[in-house]
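**Q** My structure file structure_7.cif, mmCIF, C-alpha atoms and all ligand atoms, is below:
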```
data_run
#
loop_
_atom_site.label_atom_id
_atom_site.label_comp_id
_atom_site.auth_asym_id
_atom_site.auth_seq_id
_atom_site.Cartn_x
_atom_site.Cartn_y
_atom_site.Cartn_z
CA MET B 21 -23.65 -16.66 -8.69
CA SER B 22 -22.69 -13.88 -11.11
CA ASN B 23 -19.47 -13.87 -13.13
CA ASN B 24 -18.15 -11.02 -11.01
CA ILE B 25 -14.87 -11.45 -9.14
CA GLY B 26 -13.20 -8.77 -7.07
CA ILE B 27 -12.59 -7.19 -3.69
CA HIS B 28 -15.14 -8.52 -1.23
CA ASP B 29 -13.85 -6.65 1.81
CA LEU B 30 -10.76 -4.80 3.05
CA GLU B 31 -9.12 -3.62 6.27
CA ALA B 32 -6.15 -1.33 6.90
CA ALA B 33 -3.58 -1.01 9.68
CA THR B 34 -0.62 1.26 10.27
CA ALA B 35 2.26 1.69 12.71
CA HIS B 36 2.24 2.88 16.32
CA TYR B 37 3.94 6.29 16.00
CA VAL B 38 3.44 9.34 13.78
CA LEU B 39 5.82 12.21 12.98
CA PRO B 40 4.31 15.53 11.82
CA LEU B 41 6.27 16.78 8.82
CA ASP B 42 6.37 20.21 10.48
CA ALA B 43 8.84 18.67 12.97
CA LEU B 44 11.05 17.35 10.15
CA ALA B 45 10.89 20.70 8.36
CA GLU B 46 11.90 22.58 11.50
CA ALA B 47 14.80 20.19 12.22
CA HIS B 48 16.06 20.52 8.64
CA GLY B 49 15.44 24.27 8.36
CA ILE B 50 13.02 23.74 5.44
CA ASP B 51 9.83 25.67 4.71
CA PRO B 52 7.05 23.23 5.81
CA ALA B 53 5.05 24.31 2.73
CA LYS B 54 7.49 22.26 0.66
CA PHE B 55 6.11 19.14 2.33
CA HIS B 56 2.44 20.19 2.64
CA ARG B 57 2.04 21.77 -0.80
CA GLY B 58 5.15 20.62 -2.69
CA LEU B 59 4.79 16.93 -1.83
CA GLY B 60 1.18 16.90 -0.57
CA GLN B 61 2.11 15.20 2.71
CA ASP B 62 1.33 16.17 6.33
CA ARG B 63 2.54 13.33 8.58
CA PHE B 64 4.04 9.87 8.32
CA SER B 65 3.71 6.64 10.30
CA VAL B 66 6.80 5.37 12.12
CA PRO B 67 6.96 1.76 13.34
CA ALA B 68 7.83 0.91 16.95
CA PRO B 69 10.64 -1.62 17.48
CA ASP B 70 8.09 -4.41 18.04
CA GLU B 71 6.33 -3.78 14.71
CA ASP B 72 7.17 -4.87 11.18
CA VAL B 73 5.34 -5.74 7.95
CA VAL B 74 4.17 -9.03 9.46
CA THR B 75 2.58 -7.48 12.57
CA MET B 76 0.82 -4.74 10.56
CA ALA B 77 -0.41 -7.34 8.06
CA ALA B 78 -1.64 -9.60 10.86
CA THR B 79 -3.53 -6.71 12.48
CA ALA B 80 -5.28 -5.83 9.21
CA ALA B 81 -5.95 -9.45 8.19
CA SER B 82 -7.25 -10.58 11.57
CA ARG B 83 -9.73 -7.69 11.66
CA LEU B 84 -10.82 -8.56 8.14
CA LEU B 85 -11.30 -12.26 8.78
CA ALA B 86 -13.09 -11.57 12.09
CA ARG B 87 -15.87 -10.13 9.94
CA HIS B 88 -15.91 -13.31 7.83
CA PRO B 89 -15.71 -16.25 10.24
CA GLU B 90 -17.02 -18.59 7.53
CA HIS B 91 -14.34 -17.56 5.01
CA HIS B 92 -12.91 -20.02 2.46
CA VAL B 93 -9.36 -18.67 2.22
CA ARG B 94 -7.33 -21.12 0.15
CA MET B 95 -4.40 -18.88 -0.78
CA VAL B 96 -2.48 -16.10 0.99
CA ILE B 97 -0.49 -13.66 -1.11
CA PHE B 98 1.76 -11.33 0.89
CA ALA B 99 2.96 -8.41 -1.22
CA THR B 100 5.88 -6.42 0.15
CA GLU B 101 9.08 -4.57 -0.64
CA THR B 102 10.09 -4.94 3.03
CA GLY B 103 10.35 -8.73 3.34
CA VAL B 104 11.69 -10.02 6.66
CA ASP B 105 13.54 -13.05 5.26
CA GLN B 106 15.28 -13.81 1.97
CA SER B 107 13.69 -17.25 1.75
CA LYS B 108 10.63 -17.69 3.98
CA SER B 109 7.56 -15.80 2.88
CA ALA B 110 6.29 -13.13 5.27
CA GLY B 111 2.93 -14.71 4.43
CA VAL B 112 3.86 -17.88 6.34
CA PHE B 113 4.50 -15.85 9.51
CA LEU B 114 1.17 -14.12 8.90
CA HIS B 115 -0.60 -17.42 8.24
CA GLY B 116 0.49 -18.76 11.63
CA LEU B 117 -0.30 -15.58 13.56
CA ILE B 118 -3.87 -15.35 12.30
CA GLY B 119 -4.52 -19.06 12.76
CA LEU B 120 -5.27 -20.21 9.22
CA GLY B 121 -5.45 -23.96 8.67
CA PRO B 122 -2.66 -25.92 6.96
CA HIS B 123 -4.40 -26.46 3.62
CA VAL B 124 -3.61 -23.04 2.21
CA ARG B 125 -1.10 -21.95 -0.47
CA THR B 126 1.07 -19.14 0.94
CA VAL B 127 3.56 -17.01 -0.98
CA GLU B 128 5.27 -13.61 -1.02
CA TYR B 129 5.26 -11.39 -4.10
CA LYS B 130 7.85 -8.71 -4.82
CA GLN B 131 8.11 -5.97 -7.42
CA ALA B 132 8.56 -2.74 -5.44
CA CYS B 133 5.21 -0.96 -4.91
CA TYR B 134 3.45 -2.92 -7.67
CA ALA B 135 3.35 -6.37 -6.01
CA GLY B 136 -0.07 -5.89 -4.34
CA THR B 137 -1.63 -5.57 -7.78
CA ALA B 138 0.19 -8.69 -8.98
CA GLY B 139 -1.38 -10.40 -5.97
CA ILE B 140 -4.87 -9.18 -6.84
CA GLN B 141 -4.51 -10.32 -10.45
CA ALA B 142 -3.27 -13.78 -9.41
CA ALA B 143 -6.19 -14.00 -6.99
CA LEU B 144 -8.69 -13.18 -9.74
CA GLY B 145 -7.25 -16.04 -11.80
CA HIS B 146 -7.51 -18.41 -8.84
CA ILE B 147 -11.16 -17.52 -8.18
CA ALA B 148 -12.03 -17.83 -11.88
CA ARG B 149 -10.88 -21.44 -11.61
CA TYR B 150 -12.21 -22.16 -8.10
CA PRO B 151 -15.21 -19.84 -7.60
CA ASP B 152 -16.10 -21.24 -4.16
CA GLU B 153 -12.72 -20.34 -2.70
CA GLN B 154 -11.31 -17.02 -1.48
CA VAL B 155 -7.84 -15.47 -1.57
CA LEU B 156 -6.38 -13.25 1.13
CA VAL B 157 -4.14 -10.60 -0.46
CA VAL B 158 -2.18 -8.49 2.01
CA ALA B 159 -0.01 -5.56 0.94
CA SER B 160 2.25 -4.42 3.78
CA ASP B 161 5.28 -2.15 3.72
CA ILE B 162 7.55 0.17 5.66
CA ALA B 163 8.99 2.96 3.50
CA ARG B 164 12.23 3.73 5.29
CA TYR B 165 14.61 6.10 3.53
CA ALA B 166 18.05 7.21 4.74
CA LEU B 167 18.11 10.01 7.30
CA ASP B 168 18.62 13.45 5.73
CA SER B 169 17.92 12.10 2.23
CA SER B 170 15.43 13.70 -0.17
CA GLY B 171 13.14 10.67 0.21
CA GLU B 172 12.97 11.05 4.02
CA PRO B 173 9.75 13.15 4.07
CA THR B 174 8.00 10.49 1.95
CA GLN B 175 8.45 7.69 4.48
CA GLY B 176 5.48 5.83 5.93
CA ALA B 177 4.12 2.44 6.92
CA GLY B 178 0.92 0.49 6.55
CA ALA B 179 -0.90 -2.66 5.49
CA VAL B 180 -4.12 -3.33 3.62
CA ALA B 181 -5.70 -6.80 3.74
CA MET B 182 -8.22 -7.72 1.05
CA LEU B 183 -10.49 -10.70 0.61
CA ILE B 184 -10.84 -11.61 -3.08
CA SER B 185 -13.88 -13.63 -4.00
CA ALA B 186 -16.69 -14.27 -6.46
CA ASP B 187 -19.73 -11.99 -6.03
CA PRO B 188 -17.68 -9.32 -4.22
CA ALA B 189 -19.44 -6.87 -1.93
CA LEU B 190 -17.18 -3.88 -2.69
CA VAL B 191 -15.59 -3.76 -6.16
CA ALA B 192 -15.94 -6.15 -9.12
CA ILE B 193 -12.70 -6.05 -11.11
CA GLU B 194 -13.41 -5.86 -14.84
CA PRO B 195 -11.60 -8.01 -17.40
CA GLN B 196 -8.54 -6.62 -19.18
CA SER B 197 -5.46 -4.85 -17.87
CA GLY B 198 -3.05 -2.39 -19.41
CA LEU B 199 0.53 -3.51 -18.72
CA TYR B 200 3.93 -1.84 -18.92
CA THR B 201 7.39 -3.09 -17.94
CA ALA B 202 10.69 -1.29 -18.52
CA ASP B 203 14.12 -1.99 -16.97
CA VAL B 204 14.79 1.33 -15.17
CA ASN B 205 17.10 2.03 -12.22
CA ASP B 206 14.90 4.64 -10.57
CA PHE B 207 14.55 3.13 -7.09
CA TRP B 208 16.11 -0.09 -5.79
CA ARG B 209 17.25 -1.70 -2.57
CA PRO B 210 20.23 -4.08 -2.67
CA ASN B 211 20.13 -7.14 -0.41
CA ASP B 212 22.57 -5.62 2.08
CA SER B 213 20.77 -2.30 2.48
CA SER B 214 17.78 -1.50 4.70
CA THR B 215 17.15 1.77 2.86
CA PRO B 216 16.61 2.24 -0.88
CA PHE B 217 18.70 4.09 -3.43
CA VAL B 218 16.67 6.57 -5.44
CA GLU B 219 17.12 8.68 -8.55
CA GLY B 220 14.37 11.11 -7.57
CA LYS B 221 13.72 12.92 -10.85
CA LEU B 222 14.13 9.72 -12.89
CA SER B 223 11.68 7.93 -10.60
CA MET B 224 9.00 10.57 -11.27
CA ASP B 225 9.59 10.43 -15.02
CA ALA B 226 9.59 6.61 -15.00
CA TYR B 227 6.33 6.64 -13.01
CA ILE B 228 4.62 8.93 -15.52
CA GLU B 229 5.95 7.05 -18.54
CA ALA B 230 4.82 3.71 -17.13
CA THR B 231 1.42 5.12 -16.16
CA LEU B 232 0.76 6.39 -19.66
CA GLY B 233 2.22 3.23 -21.18
CA SER B 234 -0.21 1.07 -19.20
CA TRP B 235 -3.10 3.33 -20.21
CA ASP B 236 -2.18 3.03 -23.90
CA ASP B 237 -1.93 -0.74 -23.64
CA PHE B 238 -5.34 -0.85 -21.95
CA THR B 239 -7.10 1.29 -24.51
CA ALA B 240 -5.52 -0.71 -27.35
CA ARG B 241 -7.21 -3.81 -25.91
CA ARG B 242 -10.51 -2.50 -24.61
CA GLU B 243 -12.65 0.31 -25.89
CA LEU B 244 -12.70 2.71 -22.98
CA LYS B 245 -12.67 6.49 -22.98
CA VAL B 246 -11.02 8.37 -20.15
CA THR B 247 -14.44 9.89 -19.42
CA ASP B 248 -15.82 6.36 -18.80
CA VAL B 249 -13.82 6.30 -15.55
CA ASP B 250 -15.58 7.99 -12.60
CA ARG B 251 -12.65 8.03 -10.16
CA PHE B 252 -8.92 7.35 -10.52
CA ILE B 253 -6.88 5.71 -7.76
CA HIS B 254 -3.16 6.26 -8.33
CA HIS B 255 -0.16 4.85 -6.53
CA GLN B 256 0.75 7.63 -4.08
CA PRO B 257 4.44 7.68 -3.04
CA PHE B 258 3.43 11.21 -2.00
CA THR B 259 0.05 12.60 -2.96
CA LYS B 260 1.43 15.31 -5.25
CA MET B 261 2.70 12.46 -7.47
CA ALA B 262 -0.91 11.36 -8.03
CA ARG B 263 -1.75 14.94 -9.11
CA LYS B 264 1.17 14.93 -11.53
CA ALA B 265 0.06 11.58 -13.01
CA HIS B 266 -3.53 12.82 -13.29
CA ALA B 267 -2.39 15.97 -15.11
CA ALA B 268 -0.17 13.86 -17.40
CA LEU B 269 -3.14 11.61 -18.25
CA ALA B 270 -5.26 14.67 -19.05
CA ALA B 271 -2.57 16.05 -21.36
CA HIS B 272 -2.04 12.62 -22.95
CA THR B 273 -5.74 12.06 -23.68
CA GLY B 274 -6.51 15.70 -24.45
CA VAL B 275 -9.42 15.62 -22.00
CA GLU B 276 -9.74 17.97 -19.05
CA LEU B 277 -9.76 15.83 -15.90
CA GLY B 278 -10.83 17.61 -12.73
CA ASP B 279 -9.13 17.22 -9.34
CA GLU B 280 -12.40 15.84 -7.92
CA LEU B 281 -11.65 12.58 -9.74
CA ILE B 282 -8.70 11.87 -7.40
CA GLU B 283 -9.19 14.15 -4.38
CA GLU B 284 -10.99 11.76 -2.02
CA SER B 285 -8.49 8.94 -2.65
CA MET B 286 -5.66 10.95 -1.09
CA THR B 287 -6.99 11.72 2.41
CA TYR B 288 -5.40 8.74 4.19
CA ASN B 289 -2.08 8.82 2.34
CA ARG B 290 -1.46 12.48 3.25
CA GLN B 291 -1.47 11.35 6.89
CA LEU B 292 0.22 8.00 6.42
CA GLY B 293 3.13 8.58 4.04
CA ASN B 294 4.22 6.03 1.49
CA ALA B 295 3.20 2.45 2.20
CA TYR B 296 4.66 1.11 -1.07
CA THR B 297 2.52 -1.95 -2.04
CA ALA B 298 -0.32 -0.80 0.22
CA SER B 299 -0.32 2.82 -0.97
CA MET B 300 -2.81 2.48 -3.83
CA TYR B 301 -5.05 0.29 -1.69
CA PHE B 302 -5.09 2.90 1.09
CA GLY B 303 -6.22 5.18 -1.75
CA LEU B 304 -9.03 2.75 -2.53
CA ALA B 305 -10.04 2.56 1.14
CA ALA B 306 -10.12 6.36 1.41
CA GLN B 307 -12.20 6.61 -1.77
CA LEU B 308 -14.73 4.00 -0.65
CA HIS B 309 -14.92 5.50 2.86
CA ALA B 310 -15.60 9.02 1.51
CA ASP B 311 -19.12 10.49 1.65
CA THR B 312 -19.68 10.32 -2.11
CA ASP B 313 -21.97 7.46 -3.10
CA LEU B 314 -20.11 5.51 -5.80
CA THR B 315 -22.65 2.74 -6.39
CA GLY B 316 -22.27 1.47 -9.97
CA LYS B 317 -19.36 3.83 -10.66
CA ARG B 318 -16.16 2.74 -12.40
CA LEU B 319 -12.81 3.11 -10.62
CA GLY B 320 -9.57 3.23 -12.63
CA PHE B 321 -6.47 1.93 -10.82
CA PHE B 322 -2.94 2.99 -11.76
CA SER B 323 -0.48 0.73 -9.99
CA TYR B 324 3.26 1.48 -10.23
CA GLY B 325 6.35 -0.23 -8.86
CA SER B 326 9.80 1.16 -9.51
CA GLY B 327 12.16 -0.87 -11.54
CA ALA B 328 9.59 -0.59 -13.28
CA VAL B 329 6.20 -2.27 -13.70
CA ALA B 330 2.82 -0.56 -14.09
CA GLU B 331 -0.72 -1.79 -14.56
CA PHE B 332 -4.00 -0.02 -15.26
CA PHE B 333 -7.22 -1.86 -14.52
CA THR B 334 -10.80 -0.97 -13.69
CA GLY B 335 -13.45 -2.06 -11.22
CA VAL B 336 -17.11 -1.31 -10.65
CA VAL B 337 -18.36 -0.37 -7.17
CA GLN B 338 -21.11 -2.77 -6.08
CA GLU B 339 -24.58 -1.95 -4.87
CA GLY B 340 -24.83 -1.87 -1.07
CA TYR B 341 -21.03 -1.55 -0.67
CA ARG B 342 -21.31 0.97 2.15
CA ALA B 343 -22.92 -1.55 4.49
CA HIS B 344 -19.74 -3.67 4.32
CA LEU B 345 -17.25 -0.93 5.17
CA ASP B 346 -15.81 0.14 8.51
CA ALA B 347 -14.62 3.68 7.76
CA ALA B 348 -14.57 4.62 11.46
CA ALA B 349 -12.00 1.90 12.18
CA ALA B 350 -9.64 3.25 9.49
CA VAL B 351 -9.94 6.81 10.79
CA GLU B 352 -9.37 5.57 14.35
CA GLU B 353 -6.30 3.62 13.18
CA LEU B 354 -4.75 6.87 11.93
CA SER B 355 -5.82 9.08 14.82
CA ALA B 356 -4.72 6.56 17.49
CA ARG B 357 -1.05 6.89 16.52
CA GLU B 358 1.22 8.33 19.20
CA GLU B 359 2.81 11.56 18.03
CA ILE B 360 6.57 11.74 18.49
CA ASP B 361 9.07 14.59 18.23
CA TYR B 362 12.01 14.75 15.85
CA PRO B 363 14.71 13.46 18.27
CA THR B 364 12.54 10.44 19.15
CA TYR B 365 11.94 9.71 15.46
CA ARG B 366 15.65 10.01 14.69
CA ALA B 367 16.59 7.70 17.57
CA LEU B 368 14.04 5.10 16.37
CA HIS B 369 15.40 5.32 12.84
CA GLU B 370 19.01 4.93 14.00
CA ALA B 371 18.14 2.01 16.30
CA HIS B 372 16.69 -0.04 13.43
CA ARG B 373 18.35 -3.49 13.45
CA THR B 374 19.71 -4.75 10.15
CA VAL B 375 21.52 -7.86 11.37
CA SER B 376 20.03 -11.20 12.36
CA ASP B 377 22.07 -11.73 15.55
CA ASP B 378 20.01 -12.65 18.59
CA TYR B 379 18.18 -9.85 20.37
CA ASP B 380 15.00 -9.31 22.38
CA VAL B 381 12.47 -6.56 21.69
CA GLU B 382 10.59 -5.17 24.66
CA PRO B 383 6.84 -4.64 24.25
CA VAL B 384 5.96 -1.10 23.14
CA THR B 385 2.59 -1.24 21.46
CA GLN B 386 -0.84 -2.48 22.45
CA ALA B 387 -1.23 -3.94 18.96
CA PRO B 388 -2.65 -7.48 18.81
CA PHE B 389 0.56 -8.85 17.24
CA ARG B 390 4.16 -8.12 18.26
CA PHE B 391 7.63 -8.85 16.97
CA THR B 392 9.53 -10.13 20.02
CA GLY B 393 13.04 -10.50 18.62
CA VAL B 394 15.48 -12.94 17.07
CA LYS B 395 16.68 -16.16 18.69
CA ASP B 396 19.05 -18.57 16.95
CA ARG B 397 18.59 -16.31 13.88
CA VAL B 398 14.84 -17.05 13.81
CA ARG B 399 12.31 -14.20 13.98
CA HIS B 400 9.69 -14.57 16.70
CA TYR B 401 6.25 -13.04 17.11
CA ALA B 402 3.64 -13.02 19.85
CA VAL B 403 -0.13 -12.74 19.85
CA ARG B 404 -1.47 -10.53 22.62
N1 LIG F 1 6.50 25.77 -0.96
C1 LIG F 1 5.73 25.02 -1.80
N2 LIG F 1 6.29 24.10 -2.65
C2 LIG F 1 7.62 23.94 -2.62
C3 LIG F 1 8.45 24.71 -1.78
C4 LIG F 1 7.83 25.66 -0.92
N3 LIG F 1 8.56 26.40 -0.06
N4 LIG F 1 9.74 24.31 -1.99
C5 LIG F 1 9.70 23.34 -2.94
N5 LIG F 1 8.43 23.12 -3.32
C6 LIG F 1 7.93 22.14 -4.30
C7 LIG F 1 8.77 22.03 -5.54
O1 LIG F 1 8.46 23.03 -6.48
C8 LIG F 1 8.39 20.63 -6.01
O2 LIG F 1 7.13 20.64 -6.61
P1 LIG F 1 6.99 20.34 -8.19
O3 LIG F 1 7.62 19.01 -8.42
O4 LIG F 1 5.52 20.32 -8.41
O5 LIG F 1 7.72 21.45 -8.86
C9 LIG F 1 8.20 19.86 -4.71
O6 LIG F 1 8.04 20.85 -3.68
C10 LIG F 1 9.36 18.98 -4.33
O7 LIG F 1 10.51 19.77 -4.37
P2 LIG F 1 11.88 19.20 -4.92
O8 LIG F 1 11.68 18.66 -6.30
O9 LIG F 1 12.95 20.21 -4.72
O10 LIG F 1 12.08 18.01 -3.86
P3 LIG F 1 13.28 17.08 -3.60
O11 LIG F 1 14.29 17.13 -4.68
O12 LIG F 1 13.76 17.38 -2.23
O13 LIG F 1 12.63 15.62 -3.61
C11 LIG F 1 11.53 13.71 -4.49
C12 LIG F 1 11.45 15.23 -4.27
C13 LIG F 1 12.59 13.40 -5.54
C14 LIG F 1 10.19 13.19 -4.92
C15 LIG F 1 11.95 13.02 -3.17
O14 LIG F 1 10.96 13.22 -2.19
C16 LIG F 1 12.21 11.53 -3.31
O15 LIG F 1 13.29 11.09 -3.67
N6 LIG F 1 11.18 10.70 -2.97
C17 LIG F 1 11.30 9.24 -3.07
C18 LIG F 1 11.14 8.74 -4.49
C19 LIG F 1 9.71 8.83 -4.97
O16 LIG F 1 8.76 8.80 -4.21
N7 LIG F 1 9.54 8.90 -6.29
C20 LIG F 1 8.19 8.91 -6.88
C21 LIG F 1 8.07 8.03 -8.09
S1 LIG F 1 8.75 6.40 -7.73
C22 LIG F 1 7.45 5.54 -7.01
O17 LIG F 1 6.33 5.95 -7.06
C23 LIG F 1 7.77 4.26 -6.27
C24 LIG F 1 7.78 4.53 -4.83
O18 LIG F 1 6.76 4.40 -4.18
C25 LIG F 1 9.03 4.92 -4.19
#
```
Could you express the structure from this file as structure tokens?
**A**
Amino acid sequence: MSNNIGIHDLEAATAHYVLPLDALAEAHGIDPAKFHRGLGQDRFSVPAPDEDVVTMAATAASRLLARHPEHHVRMVIFATETGVDQSKSAGVFLHGLIGLGPHVRTVEYKQACYAGTAGIQAALGHIARYPDEQVLVVASDIARYALDSSGEPTQGAGAVAMLISADPALVAIEPQSGLYTADVNDFWRPNDSSTPFVEGKLSMDAYIEATLGSWDDFTARRELKVTDVDRFIHHQPFTKMARKAHAALAAHTGVELGDELIEESMTYNRQLGNAYTASMYFGLAAQLHADTDLTGKRLGFFSYGSGAVAEFFTGVVQEGYRAHLDAAAAVEELSAREEIDYPTYRALHEAHRTVSDDYDVEPVTQAPFRFTGVKDRVRHYAVR
């Protein structure tokens, strides 16, 4: 066994519906170019009433583990901004739905869009101590902004499940991280609100400052030139934000960094919208699924969560990685979404339940896992 630890495999899932941003632009009387070029977004996923972060996570994780029937998952880390309970981890719902055994540590991590990376880093520590075990890290989120707000076109939904292990087949995460934390009120969601509050301009500035701060911390600890990184995967609240961060890094380092270093990582997110904790990992999936052979190449990850925490870390793509990927399934996941019109989207948004009184949810999707409603204030799920 080598000393490598990292991402052994991954799978992605999204929600049942999709809204083209052209429909939102028409309804709001906005030039659609503002969304396509200004934000770099084309469509966003919209959950059906019987979907939530648990069902998307279960879909992604069950597909992942089906490819690894002999897995040794000993810990489940569920990263989300969209938790379904203030106390019980969404991971415990997931654990039950995908049939994991009882002898597993299961927790939920939260720090806006950053928590997936916290999960990966905790998993690396676990595997360093117990190299024969594996950790299932699932990042799952629904970005749901208020109707008619400036954040509305950047909504989205999705989950990425990753198996972290020794001798990974996809990406070996290298030692050392660049870290940055600053107490900023750029984006937050109080306990009694199902949509976030956002200071849009401040959030973009805070993102850039944290990105560069994490880079500086990294390079102070490890000798690495910006040209030693072959591809950058940024958090993508909207893909134009990744371009802005890339340009800021170029200006900061004084090195010209071409668009080709980020271009392939943005193909899924343009069609998906923001998936908060899962966003950067959809970027990774898109990059690995792209035609370019990245064997032996170094990826640089910029993870950002408002509030604000950022981390820069690197990973090396492993030989033979392509044989372990299922790019067709990810593309199918996006293309299988049912397109809806603006009034349908608006009605779905308005019908979103924010209280925990009892209610039943009729089946809508053909997804393998469904949210069926609340009884005696307990959330219930079904396996198809
Ligand atoms: N054609 C082409 N481009 C156009 C255009 C047109 N007709 N009209 C406007 N644009 C461009 C603008 O020039 C601008 O581009 P630049 O920033 O490159 O100049 C872009 O479209 C957006 O225009 P505005 O700045 O006017 O957009 P806005 O004020 O309506 O909202 C936003 C932008 C603040 C990002 C808003 O979408 C928002 O609040 N989003 C949610 C918060 C967010 O994602 N912040 C990012 C950092 S925080 C983070 O990363 C955590 C997270 O996941 C939430």
**Q** Could you tell me which of B:Gly58, B:Ser22, B:Tyr165, B:Val66 comes closest to Met261 in chain B if we count all atoms listed in the file?
**A**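 Looking at the shortest contact to Met261 in chain B, the residue is B:Gly58.
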**Q** How many Å lie between CA of Ala142 in chain B and CA of Asp248 in chain B, rounded to one decimal?
**A** 25.5 Å
**Q** List every protein, DNA or RNA residue with an atom no more than 9 Å from (-7.9, 2.4, -10.5) in the file's coordinates, counting all atoms listed in the file, and format the result as a VMD selection string.
**A** chain B and resid 249 251 to 254 300 304 318 to 323 332 to 335
**Q** Calculated over only C-alpha atoms, which of the candidates B:Leu156, B:Ala310, B:Ala262, B:Ile25 has the smallest distance to Thr287 in chain B?
**A**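 Using only C-alpha atoms, the shortest distance to Thr287 in chain B belongs to B:Ala310.
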**Q** Could you check the closest approach to ligand LIG 1 (chain F) for each of B:Phe98, B:Tyr324, B:Tyr150, B:Tyr129 and tell me which residue wins, using all atoms listed in the file?
**A**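 Closest candidate: B:Tyr324.
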**Q** May I have the residues within 6 Å of ligand LIG 1 (chain F), computed using all atoms listed in the file, as an MDAnalysis selection string?
**A** chainID B and resid 51 53:54 57:59 133 170:171 174 218 220:221 223:224 227 257 296 325:326
**Q** For the residues selected in the previous step, produce a file with C-alpha atoms as a PDB file, in the frame of the given file.
**A**
```pdb
ATOM      1  CA  ASP B  51       9.830  25.670   4.710  1.00  0.00           C
ATOM      2  CA  ALA B  53       5.050  24.310   2.730  1.00  0.00           C
ATOM      3  CA  LYS B  54       7.490  22.260   0.660  1.00  0.00           C
ATOM      4  CA  ARG B  57       2.040  21.770  -0.800  1.00  0.00           C
ATOM      5  CA  GLY B  58       5.150  20.620  -2.690  1.00  0.00           C
ATOM      6  CA  LEU B  59       4.790  16.930  -1.830  1.00  0.00           C
ATOM      7  CA  CYS B 133       5.210  -0.960  -4.910  1.00  0.00           C
ATOM      8  CA  SER B 170      15.430  13.700  -0.170  1.00  0.00           C
ATOM      9  CA  GLY B 171      13.140  10.670   0.210  1.00  0.00           C
ATOM     10  CA  THR B 174       8.000  10.490   1.950  1.00  0.00           C
ATOM     11  CA  VAL B 218      16.670   6.570  -5.440  1.00  0.00           C
ATOM     12  CA  GLY B 220      14.370  11.110  -7.570  1.00  0.00           C
ATOM     13  CA  LYS B 221      13.720  12.920 -10.850  1.00  0.00           C
ATOM     14  CA  SER B 223      11.680   7.930 -10.600  1.00  0.00           C
ATOM     15  CA  MET B 224       9.000  10.570 -11.270  1.00  0.00           C
ATOM     16  CA  TYR B 227       6.330   6.640 -13.010  1.00  0.00           C
ATOM     17  CA  PRO B 257       4.440   7.680  -3.040  1.00  0.00           C
ATOM     18  CA  TYR B 296       4.660   1.110  -1.070  1.00  0.00           C
ATOM     19  CA  GLY B 325       6.350  -0.230  -8.860  1.00  0.00           C
ATOM     20  CA  SER B 326       9.800   1.160  -9.510  1.00  0.00           C
TER      21      SER B 326
END
```
**Q** Which residue is closest to Gln291 in chain B? Choose from B:Lys264, B:Arg399, B:Arg357, B:Arg241 and count all atoms listed in the file.
**A**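 Checking each of B:Lys264, B:Arg399, B:Arg357, B:Arg241 against Gln291 in chain B, counting all atoms listed in the file, the winner is B:Arg357.
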**Q** Give as a list of chain:residue names the set of residues within 10 Å of the point (-15.5, -4.2, -10.1), where distances use the file's coordinates and only C-alpha atoms.
**A**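 Checking each residue against the 10 Å limit leaves B:Asn24, B:Ile25, B:Gly26, B:Ile27, B:His28, B:Asp187, B:Pro188, B:Ala189, B:Leu190, B:Val191, B:Ala192, B:Ile193, B:Glu194, B:Pro195, B:Gly316, B:Lys317, B:Arg318, B:Leu319, B:Gly320, B:Phe333, B:Thr334, B:Gly335, B:Val336, B:Val337, B:Gln338.
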**Q** I'd like to know which of B:Ala298, B:Ala138, B:Ala367, B:Ala86 is closest to His255 in chain B, using only C-alpha atoms.
**A**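 Closest to His255 in chain B, using only C-alpha atoms: B:Ala298.
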**Q** Choose the residue, out of B:His266, B:Arg366, B:His400, B:Lys130, that has the smallest atom-to-atom separation from Ala99 in chain B; count only C-alpha atoms.
**A**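 With only C-alpha atoms as the atom set, the closest residue is B:Lys130.
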**Q** What is the distance between CA of Asn211 in chain B and CA of Phe258 in chain B, in Å to one decimal?
**A**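 Pair CA of Asn211 in chain B / CA of Phe258 in chain B returns 24.9 Å.
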